[in-house]
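Peer 1: run.pdb is reproduced in full below (PDB, C-alpha atoms and all ligand atoms).
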MODEL        1
ATOM      1  CA  MET A  21      52.397 -13.537 109.370
ATOM      2  CA  GLY A  22      51.450 -13.995 105.796
ATOM      3  CA  THR A  23      49.165 -11.871 103.777
ATOM      4  CA  GLU A  24      46.952 -14.253 101.948
ATOM      5  CA  ASN A  25      45.648 -12.104  99.187
ATOM      6  CA  ILE A  26      44.780 -14.668  96.606
ATOM      7  CA  VAL A  27      41.593 -16.598  97.222
ATOM      8  CA  VAL A  28      40.723 -19.641  95.192
ATOM      9  CA  THR A  29      37.081 -20.576  95.152
ATOM     10  CA  CYS A  30      35.147 -23.255  93.343
ATOM     11  CA  THR A  31      31.802 -22.565  91.763
ATOM     12  CA  ASP A  32      30.858 -26.223  91.803
ATOM     13  CA  CYS A  33      31.549 -27.050  95.407
ATOM     14  CA  GLY A  34      32.401 -25.264  98.613
ATOM     15  CA  PHE A  35      36.121 -25.260  98.027
ATOM     16  CA  ARG A  36      37.704 -22.069  99.223
ATOM     17  CA  GLU A  37      41.282 -21.485 100.144
ATOM     18  CA  SER A  38      43.500 -18.458 100.421
ATOM     19  CA  PHE A  39      47.132 -18.172  99.483
ATOM     20  CA  SER A  40      49.892 -15.689  99.940
ATOM     21  CA  THR A  41      51.516 -16.390  96.623
ATOM     22  CA  LEU A  42      50.087 -16.603  93.164
ATOM     23  CA  ARG A  43      52.108 -19.702  92.523
ATOM     24  CA  ASP A  44      50.418 -21.628  95.322
ATOM     25  CA  ALA A  45      47.018 -20.399  94.255
ATOM     26  CA  ARG A  46      47.614 -21.440  90.676
ATOM     27  CA  VAL A  47      48.749 -24.880  91.709
ATOM     28  CA  ALA A  48      45.781 -25.389  94.009
ATOM     29  CA  LEU A  49      43.311 -24.172  91.426
ATOM     30  CA  ALA A  50      44.736 -26.324  88.664
ATOM     31  CA  GLU A  51      44.875 -29.314  90.958
ATOM     32  CA  HIS A  52      41.289 -28.872  92.096
ATOM     33  CA  GLU A  53      40.046 -28.539  88.538
ATOM     34  CA  SER A  54      42.017 -31.480  87.260
ATOM     35  CA  THR A  55      41.094 -33.780  90.126
ATOM     36  CA  THR A  56      37.418 -32.873  90.397
ATOM     37  CA  GLY A  57      36.517 -31.528  86.984
ATOM     38  CA  HIS A  58      35.051 -28.508  88.698
ATOM     39  CA  THR A  59      35.425 -24.957  87.535
ATOM     40  CA  ALA A  60      37.386 -23.039  90.089
ATOM     41  CA  ASP A  61      38.046 -19.353  90.088
ATOM     42  CA  TRP A  62      40.353 -17.015  91.879
ATOM     43  CA  GLU A  63      40.304 -13.517  93.131
ATOM     44  CA  ILE A  64      43.159 -11.309  94.049
ATOM     45  CA  ASN A  65      42.592  -8.974  96.916
ATOM     46  CA  GLY A  66      44.499  -5.759  97.161
ATOM     47  CA  LEU A  67      44.970  -5.288  93.458
ATOM     48  CA  ALA A  68      43.102  -2.877  91.284
ATOM     49  CA  PRO A  69      40.197  -4.533  89.482
ATOM     50  CA  GLY A  70      41.832  -3.829  86.149
ATOM     51  CA  VAL A  71      44.955  -5.655  87.175
ATOM     52  CA  GLU A  72      42.977  -8.582  88.460
ATOM     53  CA  GLN A  73      41.033  -8.754  85.226
ATOM     54  CA  ALA A  74      44.230  -8.585  83.253
ATOM     55  CA  GLY A  75      45.599 -11.452  85.272
ATOM     56  CA  ALA A  76      42.493 -13.519  84.722
ATOM     57  CA  ASP A  77      42.400 -12.856  81.010
ATOM     58  CA  ALA A  78      46.141 -12.852  80.567
ATOM     59  CA  GLY A  79      47.633 -14.494  77.563
ATOM     60  CA  VAL A  80      50.185 -11.719  77.355
ATOM     61  CA  CYS A  81      52.847 -14.309  76.982
ATOM     62  CA  GLY A  82      52.511 -17.860  75.785
ATOM     63  CA  SER A  83      55.949 -18.888  76.832
ATOM     64  CA  PRO A  84      56.330 -20.971  79.997
ATOM     65  CA  GLU A  85      59.753 -19.561  80.619
ATOM     66  CA  CYS A  86      58.540 -16.032  80.421
ATOM     67  CA  GLY A  87      59.853 -15.409  83.818
ATOM     68  CA  ASN A  88      57.917 -14.123  86.720
ATOM     69  CA  SER A  89      55.664 -16.727  88.243
ATOM     70  CA  GLU A  90      54.559 -14.237  90.845
ATOM     71  CA  SER A  91      53.125 -11.963  88.222
ATOM     72  CA  PRO A  92      49.351 -11.882  87.904
ATOM     73  CA  LEU A  93      49.922 -11.376  84.212
ATOM     74  CA  LEU A  94      51.297 -14.825  83.718
ATOM     75  CA  GLU A  95      48.949 -17.038  81.816
ATOM     76  CA  TRP A  96      47.379 -20.079  83.400
ATOM     77  CA  ASP A  97      48.988 -23.308  82.532
ATOM     78  CA  THR A  98      46.224 -25.670  83.454
ATOM     79  CA  PRO A  99      46.878 -29.179  82.149
ATOM     80  CA  ASP A 100      43.661 -29.354  80.181
ATOM     81  CA  ASP A 101      41.814 -26.456  78.749
ATOM     82  CA  LYS A 102      38.289 -25.677  79.704
ATOM     83  CA  PRO A 103      35.752 -26.810  77.200
TER      84      PRO A 103
HETATM   85 ZN    ZN B 201      35.108 -27.917  93.439
ENDMDL
END
Could you write out this file's structure as structure tokens?

Peer 2:
Amino acid sequence: MGTENIVVTCTDCGFRESFSTLRDARVALAEHESTTGHTADWEINGLAPGVEQAGADAGVCGSPECGNSESPLLEWDTPDDKP
């Protein structure tokens, strides 16, 4: 059984999906945004709000090879930036 703690939701449509890994959530979110032009968001259950906020704001490291893709502190690498 997986613990699906990361929920990706879209504010522009009813898209909602949960994932057990941050990697999958990131991919799904980026894909949804790039294919639909919507603005999707994510929430991480089971983490302290401060950690979740840190993950959302991130930017702690601009380097793609800065290691841990499971870390909520890794910056988004969406193909096109939000306006
Ligand atoms: Zn959507």

Peer 1: When the PyMOL selection byres (((not hetatm)) within 6 of (chain B and resi 201)) is applied to the structure above, which residues does it catch, written out as a PyMOL selection string?

Peer 2: chain A and resi 30+32-33+35+58

Peer 1: One decimal, Å: what's the distance from CA of Val27 (chain A) over to CA of Ala45 (chain A), could you say?

Peer 2: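 Between CA of Val27 (chain A) and CA of Ala45 (chain A) the gap is 7.3 Å.
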
Peer 1: What is the distance, in Å and to one decimal place, between CA of Trp62 (chain A) and CA of Val28 (chain A)?

Peer 2: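 Those two atoms sit 4.2 Å apart.
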
Peer 1: How many Å separate CA of Leu49 (chain A) from CA of Thr29 (chain A)?

Peer 2: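 Answer for the CA of Leu49 (chain A) to CA of Thr29 (chain A) separation: 8.1 Å.
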
Peer 1: Counting only C-alpha atoms, select every polymer residue within 10 Å of (39.8, -13.9, 97.4) as defined in the file's coordinates, and provide the selection as a list in words.

Peer 2: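 Residues close enough to count: Glu24, Asn25, Ile26, Val27, Val28, Thr29, Arg36, Glu37, Ser38, Phe39, Asp61, Trp62, Glu63, Ile64, Asn65 and Gly66 of chain A.
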